[in-house]
Amino acid sequence: IKYCDEKGRIEISLSQKKPGRQVVLTVSNSYKNGENVDYTKFFERFYRADRSHHIEGKSGYGIGLSVAQSICEKNHGSIECDWKNGMITFTCILKGGH
């Protein structure tokens, strides 16, 4: 919510095609200025790509994505970021349970 464009939208999905297979969590939000952003740095601690997304009174520590990456890796998964058609999407893939 904090980094979504004003009056934008947020989408969340969780899926697993077959029991015991990968679990895929995606979180997307509107991000109209995201076309030329270097997403490879988003998982670095304290990284802030776009100063316009600093909301007064709602500053963060900038470690959320690096913590999410660490959780995914410790659970033999991965997380990545992509931008398409004005939406930024974070996809977390985790090994499915039995």
# chains A, B, ... in the order shown; residues from 1 in each chain; ligands from 1
>>> residues_around(residues="range 38-45 of chain A", least_positions_apart="5", cutoff="8 Å", atoms="only C-alpha atoms", output="PyMOL selection string")
chain A and resi 62-66+69+81-82
>>> residues_around(residues="Thr26 in chain A", least_positions_apart="2", cutoff="12 Å", atoms="only C-alpha atoms", output="number ranges by chain")
A: 10-16, 23-24, 28-29, 78-82, 87-94
>>> write_last_selection(atoms="C-alpha atoms", output="compact mmCIF listing (two decimals), in the first residue's frame")
# COMPACT_ATOMS: atom_id res chain seq x y z
CA ILE A 10 -2.96 -4.05 -5.52
CA GLU A 11 -3.29 -7.70 -6.52
CA ILE A 12 -2.26 -10.74 -4.47
CA SER A 13 -2.43 -14.38 -5.52
CA LEU A 14 -1.32 -17.68 -4.03
CA SER A 15 -1.34 -20.85 -6.08
CA GLN A 16 -0.16 -24.42 -6.18
CA VAL A 23 3.77 -22.67 -4.12
CA VAL A 24 3.73 -19.36 -5.97
CA SER A 28 1.54 -6.66 -7.63
CA ASN A 29 0.76 -2.99 -7.41
CA SER A 78 13.34 -17.63 -4.82
CA ILE A 79 11.88 -14.17 -5.21
CA GLU A 80 12.04 -11.87 -8.19
CA CYS A 81 10.67 -8.57 -9.35
CA ASP A 82 9.28 -7.55 -12.73
CA MET A 87 2.37 -2.89 -12.61
CA ILE A 88 5.30 -4.04 -10.50
CA THR A 89 5.09 -7.70 -9.50
CA PHE A 90 7.02 -9.61 -6.87
CA THR A 91 6.92 -13.38 -7.38
CA CYS A 92 7.94 -15.71 -4.58
CA ILE A 93 8.36 -19.39 -5.44
CA LEU A 94 8.63 -21.86 -2.57
>>> select_by_dssp(residues="range 3-97 of chain A", states="alpha helix (DSSP H)", output="PyMOL selection string")
chain A and resi 64-74
>>> write_last_selection(atoms="C-alpha atoms", output="PDB file, in the first residue's frame")
ATOM      1  CA  GLY A  64      11.623  -5.603   3.732  1.00  0.00           C
ATOM      2  CA  LEU A  65      12.579  -7.046   0.353  1.00  0.00           C
ATOM      3  CA  SER A  66      15.984  -8.236   1.537  1.00  0.00           C
ATOM      4  CA  VAL A  67      14.257  -9.990   4.456  1.00  0.00           C
ATOM      5  CA  ALA A  68      11.728 -11.555   2.045  1.00  0.00           C
ATOM      6  CA  GLN A  69      14.612 -12.741  -0.148  1.00  0.00           C
ATOM      7  CA  SER A  70      16.380 -14.262   2.848  1.00  0.00           C
ATOM      8  CA  ILE A  71      13.215 -16.101   3.940  1.00  0.00           C
ATOM      9  CA  CYS A  72      12.703 -17.478   0.429  1.00  0.00           C
ATOM     10  CA  GLU A  73      16.309 -18.638   0.096  1.00  0.00           C
ATOM     11  CA  LYS A  74      16.326 -20.288   3.523  1.00  0.00           C
TER      12      LYS A  74
END
>>> select_by_dssp(residues="chain A", states="strand (DSSP E)", output="PyMOL selection string")
chain A and resi 10-15+23-30+78-84+87-94
>>> atom_distance(atom1="CA of Arg9 in chain A", atom2="CA of Val37 in chain A")
19.5 Å
>>> atom_distance(atom1="CA of Gly8 in chain A", atom2="CA of Gly86 in chain A")
9.9 Å
>>> atom_distance(atom1="CA of Ser30 in chain A", atom2="CA of Lys17 in chain A")
26.5 Å
